[in-house]
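Engineer: Structure: structure_22.pdb, PDB, C-alpha atoms.
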MODEL        1
ATOM      1  CA  MET D   1     -21.253  -7.036   0.307  1.00  0.00           C
ATOM      2  CA  ASN D   2     -20.770 -10.766  -0.074  1.00  0.00           C
ATOM      3  CA  ASN D   3     -18.487 -13.044  -2.021  1.00  0.00           C
ATOM      4  CA  ARG D   4     -20.756 -12.920  -5.104  1.00  0.00           C
ATOM      5  CA  PHE D   5     -19.523  -9.364  -5.505  1.00  0.00           C
ATOM      6  CA  LEU D   6     -16.201 -10.814  -6.635  1.00  0.00           C
ATOM      7  CA  ASP D   7     -17.748 -12.587  -9.626  1.00  0.00           C
ATOM      8  CA  ASP D   8     -17.412  -9.412 -11.714  1.00  0.00           C
ATOM      9  CA  PHE D   9     -13.626  -9.306 -11.345  1.00  0.00           C
ATOM     10  CA  GLU D  10     -10.665 -11.300 -12.632  1.00  0.00           C
ATOM     11  CA  ALA D  11      -8.023  -9.735 -10.352  1.00  0.00           C
ATOM     12  CA  VAL D  12      -7.801  -8.139  -6.934  1.00  0.00           C
ATOM     13  CA  ILE D  13      -4.943  -5.690  -6.380  1.00  0.00           C
ATOM     14  CA  PHE D  14      -3.976  -4.482  -2.921  1.00  0.00           C
ATOM     15  CA  ASP D  15      -2.073  -1.531  -1.683  1.00  0.00           C
ATOM     16  CA  LEU D  16       0.086  -2.871   1.151  1.00  0.00           C
ATOM     17  CA  ASP D  17       0.391  -0.493   4.111  1.00  0.00           C
ATOM     18  CA  GLY D  18      -2.932   0.302   5.738  1.00  0.00           C
ATOM     19  CA  SER D  19      -4.848  -1.784   3.191  1.00  0.00           C
ATOM     20  CA  LEU D  20      -3.503  -5.346   3.391  1.00  0.00           C
ATOM     21  CA  VAL D  21      -1.436  -5.009   6.574  1.00  0.00           C
ATOM     22  CA  ASP D  22      -1.856  -2.756   9.618  1.00  0.00           C
ATOM     23  CA  SER D  23       1.436  -0.874   9.445  1.00  0.00           C
ATOM     24  CA  MET D  24       0.789   2.838   8.980  1.00  0.00           C
ATOM     25  CA  TRP D  25       1.370   3.498  12.696  1.00  0.00           C
ATOM     26  CA  MET D  26       4.891   2.206  12.288  1.00  0.00           C
ATOM     27  CA  TRP D  27       5.981   4.492   9.454  1.00  0.00           C
ATOM     28  CA  LYS D  28       5.131   7.685  11.294  1.00  0.00           C
ATOM     29  CA  ALA D  29       7.278   6.473  14.202  1.00  0.00           C
ATOM     30  CA  ILE D  30      10.148   5.575  11.865  1.00  0.00           C
ATOM     31  CA  ASP D  31      10.007   8.940  10.101  1.00  0.00           C
ATOM     32  CA  CYS D  32      10.216  10.734  13.450  1.00  0.00           C
ATOM     33  CA  GLU D  33      13.040   8.548  14.744  1.00  0.00           C
ATOM     34  CA  TYR D  34      14.974   8.909  11.489  1.00  0.00           C
ATOM     35  CA  LEU D  35      14.808  12.711  11.396  1.00  0.00           C
ATOM     36  CA  GLN D  36      15.545  13.053  15.093  1.00  0.00           C
ATOM     37  CA  GLY D  37      18.744  11.125  14.426  1.00  0.00           C
ATOM     38  CA  PHE D  38      19.838  14.184  12.435  1.00  0.00           C
ATOM     39  CA  GLY D  39      18.605  16.573  15.117  1.00  0.00           C
ATOM     40  CA  ILE D  40      15.553  17.518  13.042  1.00  0.00           C
ATOM     41  CA  ASP D  41      12.080  17.851  14.537  1.00  0.00           C
ATOM     42  CA  PRO D  42       9.531  16.337  12.125  1.00  0.00           C
ATOM     43  CA  PRO D  43       7.230  19.048  10.707  1.00  0.00           C
ATOM     44  CA  LYS D  44       3.509  18.680  11.339  1.00  0.00           C
ATOM     45  CA  ASP D  45       2.709  18.455   7.621  1.00  0.00           C
ATOM     46  CA  LEU D  46       5.205  15.656   6.926  1.00  0.00           C
ATOM     47  CA  GLN D  47       2.802  12.702   6.734  1.00  0.00           C
ATOM     48  CA  LYS D  48       0.388  14.661   4.561  1.00  0.00           C
ATOM     49  CA  ASP D  49       3.162  15.664   2.171  1.00  0.00           C
ATOM     50  CA  ILE D  50       4.578  12.169   1.669  1.00  0.00           C
ATOM     51  CA  GLY D  51       1.285  10.250   1.423  1.00  0.00           C
ATOM     52  CA  GLY D  52       1.134   8.276  -1.833  1.00  0.00           C
ATOM     53  CA  ARG D  53       4.724   8.984  -2.888  1.00  0.00           C
ATOM     54  CA  SER D  54       6.779   6.029  -4.027  1.00  0.00           C
ATOM     55  CA  PHE D  55       9.615   4.783  -1.809  1.00  0.00           C
ATOM     56  CA  PHE D  56      12.121   6.477  -4.140  1.00  0.00           C
ATOM     57  CA  GLU D  57      10.124   9.742  -4.259  1.00  0.00           C
ATOM     58  CA  THR D  58       9.836   9.822  -0.470  1.00  0.00           C
ATOM     59  CA  ALA D  59      13.588   9.326  -0.017  1.00  0.00           C
ATOM     60  CA  LYS D  60      14.263  12.129  -2.518  1.00  0.00           C
ATOM     61  CA  TYR D  61      11.757  14.352  -0.697  1.00  0.00           C
ATOM     62  CA  PHE D  62      13.560  13.777   2.624  1.00  0.00           C
ATOM     63  CA  LYS D  63      16.938  14.466   1.056  1.00  0.00           C
ATOM     64  CA  ASP D  64      15.777  17.683  -0.627  1.00  0.00           C
ATOM     65  CA  ARG D  65      13.525  19.082   2.103  1.00  0.00           C
ATOM     66  CA  PHE D  66      15.857  18.411   5.017  1.00  0.00           C
ATOM     67  CA  GLY D  67      19.169  18.930   3.214  1.00  0.00           C
ATOM     68  CA  LEU D  68      20.470  15.427   3.990  1.00  0.00           C
ATOM     69  CA  GLU D  69      23.955  14.551   2.764  1.00  0.00           C
ATOM     70  CA  ASP D  70      23.178  10.816   2.536  1.00  0.00           C
ATOM     71  CA  SER D  71      22.346   9.426  -0.896  1.00  0.00           C
ATOM     72  CA  ILE D  72      18.789   8.419  -1.763  1.00  0.00           C
ATOM     73  CA  ASP D  73      19.905   4.774  -1.720  1.00  0.00           C
ATOM     74  CA  LYS D  74      21.435   5.198   1.759  1.00  0.00           C
ATOM     75  CA  ILE D  75      18.238   6.810   3.073  1.00  0.00           C
ATOM     76  CA  GLY D  76      16.178   3.915   1.710  1.00  0.00           C
ATOM     77  CA  ASP D  77      18.564   1.329   3.135  1.00  0.00           C
ATOM     78  CA  ASP D  78      18.319   2.949   6.573  1.00  0.00           C
ATOM     79  CA  TRP D  79      14.512   2.870   6.446  1.00  0.00           C
ATOM     80  CA  ASN D  80      14.529  -0.783   5.402  1.00  0.00           C
ATOM     81  CA  ARG D  81      16.800  -1.639   8.312  1.00  0.00           C
ATOM     82  CA  MET D  82      14.641   0.251  10.809  1.00  0.00           C
ATOM     83  CA  ALA D  83      11.420  -1.351   9.549  1.00  0.00           C
ATOM     84  CA  TRP D  84      12.649  -4.915   8.979  1.00  0.00           C
ATOM     85  CA  ASP D  85      12.093  -6.272  12.478  1.00  0.00           C
ATOM     86  CA  LYS D  86       8.705  -4.600  12.838  1.00  0.00           C
ATOM     87  CA  TYR D  87       7.470  -6.023   9.530  1.00  0.00           C
ATOM     88  CA  THR D  88       8.672  -9.456  10.589  1.00  0.00           C
ATOM     89  CA  HIS D  89       7.233  -9.528  14.109  1.00  0.00           C
ATOM     90  CA  GLU D  90       4.842  -6.653  14.822  1.00  0.00           C
ATOM     91  CA  VAL D  91       2.753  -5.901  11.716  1.00  0.00           C
ATOM     92  CA  PRO D  92      -0.523  -7.897  11.497  1.00  0.00           C
ATOM     93  CA  LEU D  93      -2.789  -8.488   8.528  1.00  0.00           C
ATOM     94  CA  LYS D  94      -5.913  -6.339   8.409  1.00  0.00           C
ATOM     95  CA  ASP D  95      -9.002  -8.029   9.869  1.00  0.00           C
ATOM     96  CA  GLY D  96     -10.361 -10.754   7.604  1.00  0.00           C
ATOM     97  CA  VAL D  97      -7.594 -10.522   4.994  1.00  0.00           C
ATOM     98  CA  PHE D  98      -6.378 -14.108   5.252  1.00  0.00           C
ATOM     99  CA  GLU D  99      -9.887 -15.492   4.809  1.00  0.00           C
ATOM    100  CA  PHE D 100     -10.564 -13.082   1.944  1.00  0.00           C
ATOM    101  CA  LEU D 101      -7.429 -14.238   0.117  1.00  0.00           C
ATOM    102  CA  SER D 102      -8.638 -17.823   0.451  1.00  0.00           C
ATOM    103  CA  GLU D 103     -12.005 -16.810  -1.028  1.00  0.00           C
ATOM    104  CA  CYS D 104     -10.219 -15.232  -3.993  1.00  0.00           C
ATOM    105  CA  ASP D 105      -8.211 -18.414  -4.485  1.00  0.00           C
ATOM    106  CA  LYS D 106     -11.401 -20.495  -4.535  1.00  0.00           C
ATOM    107  CA  LYS D 107     -12.830 -18.285  -7.259  1.00  0.00           C
ATOM    108  CA  GLY D 108      -9.652 -18.342  -9.339  1.00  0.00           C
ATOM    109  CA  ILE D 109      -9.127 -14.594  -8.956  1.00  0.00           C
ATOM    110  CA  LYS D 110      -5.592 -13.399  -9.587  1.00  0.00           C
ATOM    111  CA  LEU D 111      -3.905 -11.381  -6.829  1.00  0.00           C
ATOM    112  CA  GLY D 112      -1.422  -8.524  -6.966  1.00  0.00           C
ATOM    113  CA  ILE D 113       0.308  -5.925  -4.806  1.00  0.00           C
ATOM    114  CA  ALA D 114       0.708  -2.281  -5.895  1.00  0.00           C
ATOM    115  CA  SER D 115       2.631  -0.546  -3.125  1.00  0.00           C
ATOM    116  CA  SER D 116       4.691   2.583  -2.597  1.00  0.00           C
ATOM    117  CA  ASN D 117       6.894   0.622  -0.181  1.00  0.00           C
ATOM    118  CA  SER D 118      10.195  -1.081  -1.012  1.00  0.00           C
ATOM    119  CA  THR D 119      10.393  -4.499  -2.624  1.00  0.00           C
ATOM    120  CA  GLU D 120      12.395  -5.868   0.308  1.00  0.00           C
ATOM    121  CA  LEU D 121       9.823  -4.930   2.942  1.00  0.00           C
ATOM    122  CA  ILE D 122       6.867  -6.080   0.852  1.00  0.00           C
ATOM    123  CA  GLU D 123       8.460  -9.488   0.380  1.00  0.00           C
ATOM    124  CA  GLN D 124       9.369  -9.709   4.062  1.00  0.00           C
ATOM    125  CA  VAL D 125       5.936  -8.948   5.508  1.00  0.00           C
ATOM    126  CA  LEU D 126       4.159 -11.240   3.027  1.00  0.00           C
ATOM    127  CA  SER D 127       6.582 -14.055   3.811  1.00  0.00           C
ATOM    128  CA  SER D 128       6.179 -13.533   7.560  1.00  0.00           C
ATOM    129  CA  HIS D 129       2.444 -14.234   7.151  1.00  0.00           C
ATOM    130  CA  ASP D 130       3.091 -17.108   4.697  1.00  0.00           C
ATOM    131  CA  ILE D 131       1.074 -15.507   1.902  1.00  0.00           C
ATOM    132  CA  ARG D 132       3.828 -14.486  -0.543  1.00  0.00           C
ATOM    133  CA  GLU D 133       3.065 -17.241  -3.050  1.00  0.00           C
ATOM    134  CA  ARG D 134      -0.554 -16.141  -3.417  1.00  0.00           C
ATOM    135  CA  PHE D 135       0.441 -13.042  -5.378  1.00  0.00           C
ATOM    136  CA  GLY D 136       1.142 -13.281  -9.082  1.00  0.00           C
ATOM    137  CA  SER D 137       2.469  -9.741  -9.359  1.00  0.00           C
ATOM    138  CA  ILE D 138       4.166  -7.421  -6.885  1.00  0.00           C
ATOM    139  CA  LYS D 139       5.184  -3.910  -7.886  1.00  0.00           C
ATOM    140  CA  SER D 140       6.886  -1.557  -5.446  1.00  0.00           C
ATOM    141  CA  GLY D 141       7.896   2.050  -5.012  1.00  0.00           C
ATOM    142  CA  THR D 142      11.478   1.089  -5.812  1.00  0.00           C
ATOM    143  CA  GLU D 143      10.404  -0.336  -9.202  1.00  0.00           C
ATOM    144  CA  ILE D 144       7.673   2.101 -10.252  1.00  0.00           C
ATOM    145  CA  LEU D 145       9.213   5.469  -9.514  1.00  0.00           C
ATOM    146  CA  LYS D 146       6.173   7.611 -10.294  1.00  0.00           C
ATOM    147  CA  GLY D 147       4.023   7.400  -7.172  1.00  0.00           C
ATOM    148  CA  LYS D 148       0.296   7.590  -6.570  1.00  0.00           C
ATOM    149  CA  PRO D 149      -2.064   9.260  -7.574  1.00  0.00           C
ATOM    150  CA  ALA D 150      -0.444   8.378 -10.909  1.00  0.00           C
ATOM    151  CA  PRO D 151      -1.906   5.050 -12.079  1.00  0.00           C
ATOM    152  CA  ASP D 152       1.442   3.566 -13.125  1.00  0.00           C
ATOM    153  CA  VAL D 153       1.868   0.992 -10.358  1.00  0.00           C
ATOM    154  CA  TYR D 154      -1.671  -0.354 -10.733  1.00  0.00           C
ATOM    155  CA  LEU D 155      -1.422  -0.557 -14.499  1.00  0.00           C
ATOM    156  CA  ALA D 156       1.910  -2.391 -14.201  1.00  0.00           C
ATOM    157  CA  VAL D 157       0.369  -5.029 -11.920  1.00  0.00           C
ATOM    158  CA  ALA D 158      -2.665  -5.486 -14.184  1.00  0.00           C
ATOM    159  CA  LYS D 159      -0.387  -5.904 -17.190  1.00  0.00           C
ATOM    160  CA  GLU D 160       1.762  -8.519 -15.457  1.00  0.00           C
ATOM    161  CA  LEU D 161      -1.347 -10.407 -14.319  1.00  0.00           C
ATOM    162  CA  GLY D 162      -2.742 -10.247 -17.859  1.00  0.00           C
ATOM    163  CA  VAL D 163      -6.037  -8.679 -16.742  1.00  0.00           C
ATOM    164  CA  ASP D 164      -7.922  -5.717 -18.245  1.00  0.00           C
ATOM    165  CA  PRO D 165      -7.923  -2.826 -15.734  1.00  0.00           C
ATOM    166  CA  LYS D 166     -11.724  -2.739 -15.917  1.00  0.00           C
ATOM    167  CA  LYS D 167     -11.740  -6.256 -14.462  1.00  0.00           C
ATOM    168  CA  CYS D 168      -9.504  -5.308 -11.515  1.00  0.00           C
ATOM    169  CA  LEU D 169     -10.733  -4.583  -7.975  1.00  0.00           C
ATOM    170  CA  VAL D 170      -8.444  -2.365  -5.879  1.00  0.00           C
ATOM    171  CA  PHE D 171      -8.187  -2.041  -2.081  1.00  0.00           C
ATOM    172  CA  GLU D 172      -6.694   1.255  -0.874  1.00  0.00           C
ATOM    173  CA  ASP D 173      -6.547   3.186   2.403  1.00  0.00           C
ATOM    174  CA  LEU D 174      -5.217   6.607   1.325  1.00  0.00           C
ATOM    175  CA  VAL D 175      -6.748   9.321  -0.830  1.00  0.00           C
ATOM    176  CA  ASP D 176      -3.872   9.390  -3.341  1.00  0.00           C
ATOM    177  CA  GLY D 177      -4.021   5.608  -3.633  1.00  0.00           C
ATOM    178  CA  ILE D 178      -7.757   5.672  -4.284  1.00  0.00           C
ATOM    179  CA  LYS D 179      -7.162   8.279  -6.982  1.00  0.00           C
ATOM    180  CA  ALA D 180      -4.445   6.071  -8.497  1.00  0.00           C
ATOM    181  CA  GLY D 181      -6.805   3.111  -8.742  1.00  0.00           C
ATOM    182  CA  LYS D 182      -9.557   5.239 -10.286  1.00  0.00           C
ATOM    183  CA  ASN D 183      -7.055   6.840 -12.675  1.00  0.00           C
ATOM    184  CA  ALA D 184      -6.151   3.313 -13.794  1.00  0.00           C
ATOM    185  CA  GLY D 185      -9.804   2.670 -14.684  1.00  0.00           C
ATOM    186  CA  MET D 186     -10.303   0.166 -11.872  1.00  0.00           C
ATOM    187  CA  THR D 187     -13.042  -0.327  -9.269  1.00  0.00           C
ATOM    188  CA  VAL D 188     -11.771   0.872  -5.895  1.00  0.00           C
ATOM    189  CA  VAL D 189     -12.708  -0.161  -2.363  1.00  0.00           C
ATOM    190  CA  ALA D 190     -11.578   2.266   0.330  1.00  0.00           C
ATOM    191  CA  VAL D 191     -10.266   0.491   3.425  1.00  0.00           C
ATOM    192  CA  SER D 192     -10.735   1.891   6.923  1.00  0.00           C
ATOM    193  CA  ASP D 193      -7.519   2.672   8.763  1.00  0.00           C
ATOM    194  CA  ASP D 194      -6.926   4.710  11.927  1.00  0.00           C
ATOM    195  CA  TYR D 195      -4.059   6.594  10.271  1.00  0.00           C
ATOM    196  CA  SER D 196      -6.364   8.041   7.580  1.00  0.00           C
ATOM    197  CA  ARG D 197      -9.557   8.305   9.649  1.00  0.00           C
ATOM    198  CA  HIS D 198      -9.501  12.092   9.253  1.00  0.00           C
ATOM    199  CA  SER D 199     -10.076  11.723   5.489  1.00  0.00           C
ATOM    200  CA  ASP D 200     -12.872   9.124   5.622  1.00  0.00           C
ATOM    201  CA  ASP D 201     -15.451  11.444   4.061  1.00  0.00           C
ATOM    202  CA  LEU D 202     -13.217  12.138   1.078  1.00  0.00           C
ATOM    203  CA  LYS D 203     -12.261   8.461   0.786  1.00  0.00           C
ATOM    204  CA  LYS D 204     -15.942   7.504   0.644  1.00  0.00           C
ATOM    205  CA  GLU D 205     -16.588  10.200  -1.956  1.00  0.00           C
ATOM    206  CA  LEU D 206     -13.734   9.118  -4.237  1.00  0.00           C
ATOM    207  CA  ALA D 207     -14.019   5.332  -3.929  1.00  0.00           C
ATOM    208  CA  ASP D 208     -16.717   3.037  -5.269  1.00  0.00           C
ATOM    209  CA  TYR D 209     -17.098   1.274  -1.911  1.00  0.00           C
ATOM    210  CA  TYR D 210     -15.883   1.606   1.686  1.00  0.00           C
ATOM    211  CA  ILE D 211     -15.173  -1.186   4.197  1.00  0.00           C
ATOM    212  CA  GLU D 212     -14.182  -1.362   7.855  1.00  0.00           C
ATOM    213  CA  ASP D 213     -12.699  -4.863   7.382  1.00  0.00           C
ATOM    214  CA  TYR D 214     -12.737  -7.781   4.927  1.00  0.00           C
ATOM    215  CA  TRP D 215     -15.267  -9.991   6.695  1.00  0.00           C
ATOM    216  CA  GLY D 216     -18.098  -8.842   4.442  1.00  0.00           C
ATOM    217  CA  PHE D 217     -16.519 -10.724   1.523  1.00  0.00           C
ATOM    218  CA  VAL D 218     -16.209 -14.157   3.175  1.00  0.00           C
TER     219      VAL D 218
ENDMDL
END
Take the structure in the file and give it back as structure tokens.
Structural biologist:
Amino acid sequence: MNNRFLDDFEAVIFDLDGSLVDSMWMWKAIDCEYLQGFGIDPPKDLQKDIGGRSFFETAKYFKDRFGLEDSIDKIGDDWNRMAWDKYTHEVPLKDGVFEFLSECDKKGIKLGIASSNSTELIEQVLSSHDIRERFGSIKSGTEILKGKPAPDVYLAVAKELGVDPKKCLVFEDLVDGIKAGKNAGMTVVAVSDDYSRHSDDLKKELADYYIEDYWGFV
């Protein structure tokens, strides 16, 4: 791939965690720490079960599955608090992302975020890397309550950017996210991430392209 590949698209839409920033390692640790605070050992299938769910859906899942008395809002607030410092100081951009964003800017390509995460954490991590203003649309799992593989969050970003879904290029690291992008009628690039390495074969099968990093576009 090279930067001429981008000439066919008017918008690039990123998933956040594992696609734009290297943060999936952190969420597994937070989930474990959170449940252990209630004396609950995290089940082995937890990460598989919550993959792709919106922030709201994940909080509801925790409340229902583990019988938590806290409200869904309280669960979400606790997660935001636990993740805030890590998103500010410990979560890096994926390799080549900053340069790729600059290439998109040069070509006049609109940029968006379609994430299952919370609005607060999305804004924080983008601001910590000084790239917040590059994105014309940001939709989160606290705004779009129906999570991936439903296409809702991607379609909402495309609509706000004013771009036909067929002219949107999506970057996703998880199977349900790839399905969401395809269900929205968009071209999808699967992004390598250690957290989802076990599903690489399926990611390659579902997506239109697969990348290890973003350097091939710059």
Engineer: To one decimal place, how far is CA of Ile138 (chain D) from CA of Leu161 (chain D) in Å?
Structural biologist: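 These two atoms are separated by 9.7 Å.
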Engineer: For a quick check of your reading of the model, name the residues lying within 10 Å of the coordinate (5.9, -10.8, 0.4), counting only C-alpha atoms, and write them as a compact mmCIF listing (two decimals) with C-alpha atoms, keeping the file's coordinate frame.
Structural biologist:
# COMPACT_ATOMS: atom_id res chain seq x y z
CA LEU D 16 0.09 -2.87 1.15
CA ILE D 113 0.31 -5.92 -4.81
CA THR D 119 10.39 -4.50 -2.62
CA GLU D 120 12.40 -5.87 0.31
CA LEU D 121 9.82 -4.93 2.94
CA ILE D 122 6.87 -6.08 0.85
CA GLU D 123 8.46 -9.49 0.38
CA GLN D 124 9.37 -9.71 4.06
CA VAL D 125 5.94 -8.95 5.51
CA LEU D 126 4.16 -11.24 3.03
CA SER D 127 6.58 -14.06 3.81
CA SER D 128 6.18 -13.53 7.56
CA HIS D 129 2.44 -14.23 7.15
CA ASP D 130 3.09 -17.11 4.70
CA ILE D 131 1.07 -15.51 1.90
CA ARG D 132 3.83 -14.49 -0.54
CA GLU D 133 3.06 -17.24 -3.05
CA ARG D 134 -0.55 -16.14 -3.42
CA PHE D 135 0.44 -13.04 -5.38
CA ILE D 138 4.17 -7.42 -6.88
Engineer: Let me make sure I understand: among D:Gly185, D:Pro149, D:Pro92, D:Gly177, which one has the smallest atom-to-atom distance to Asp164 (chain D) if we use all atoms listed in the file?
Structural biologist: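 Closest to Asp164 (chain D) of all the choices is D:Gly185.
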Engineer: Give as a ChimeraX atom specification the residues that the PyMOL selection byres ((chain D and resi 59) around 9) matches when applied to the coordinates above.
Structural biologist: /D:54-58,60-64,71-73,75-76
Engineer: Evaluate the PyMOL selection byres ((chain D and resi 110) around 6) against this structure - the residues, as a PyMOL selection string, please.
Structural biologist: chain D and resi 11+109+111
Engineer: List as a VMD selection string: which residues have an atom within 10 Å of (4.9, -3.7, 12.3), counting all atoms listed in the file?
Structural biologist: chain D and resid 17 21 to 27 83 to 93 125
Engineer: Check the smallest atom-to-atom distance from each of D:Ser102, D:Asn80, D:Ser192, D:Ser115 to Gly51 (chain D) using only C-alpha atoms, then report the winner.
Structural biologist: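 Ranked by minimum distance to Gly51 (chain D), first place goes to D:Ser115.
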Engineer: Using the chain letters and numbering of this document, enumerate as a PDB file with C-alpha atoms, in the coordinates of the input the residues selected by the PyMOL selection byres ((chain D and resi 153) around 7).
Structural biologist:
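Result file follows (part09.pdb):
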ATOM      1  CA  ALA D 114       0.708  -2.281  -5.895  1.00  0.00           C
ATOM      2  CA  LYS D 139       5.184  -3.910  -7.886  1.00  0.00           C
ATOM      3  CA  ILE D 144       7.673   2.101 -10.252  1.00  0.00           C
ATOM      4  CA  PRO D 151      -1.906   5.050 -12.079  1.00  0.00           C
ATOM      5  CA  ASP D 152       1.442   3.566 -13.125  1.00  0.00           C
ATOM      6  CA  TYR D 154      -1.671  -0.354 -10.733  1.00  0.00           C
ATOM      7  CA  LEU D 155      -1.422  -0.557 -14.499  1.00  0.00           C
ATOM      8  CA  ALA D 156       1.910  -2.391 -14.201  1.00  0.00           C
ATOM      9  CA  VAL D 157       0.369  -5.029 -11.920  1.00  0.00           C
TER      10      VAL D 157
END
Engineer: Between D:Phe38, D:Phe171, D:Lys159, D:Leu46, single out the one closest to Glu69 (chain D), counting all atoms listed in the file.
Structural biologist: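 Of D:Phe38, D:Phe171, D:Lys159, D:Leu46, the one nearest Glu69 (chain D) is D:Phe38, counting all atoms listed in the file.
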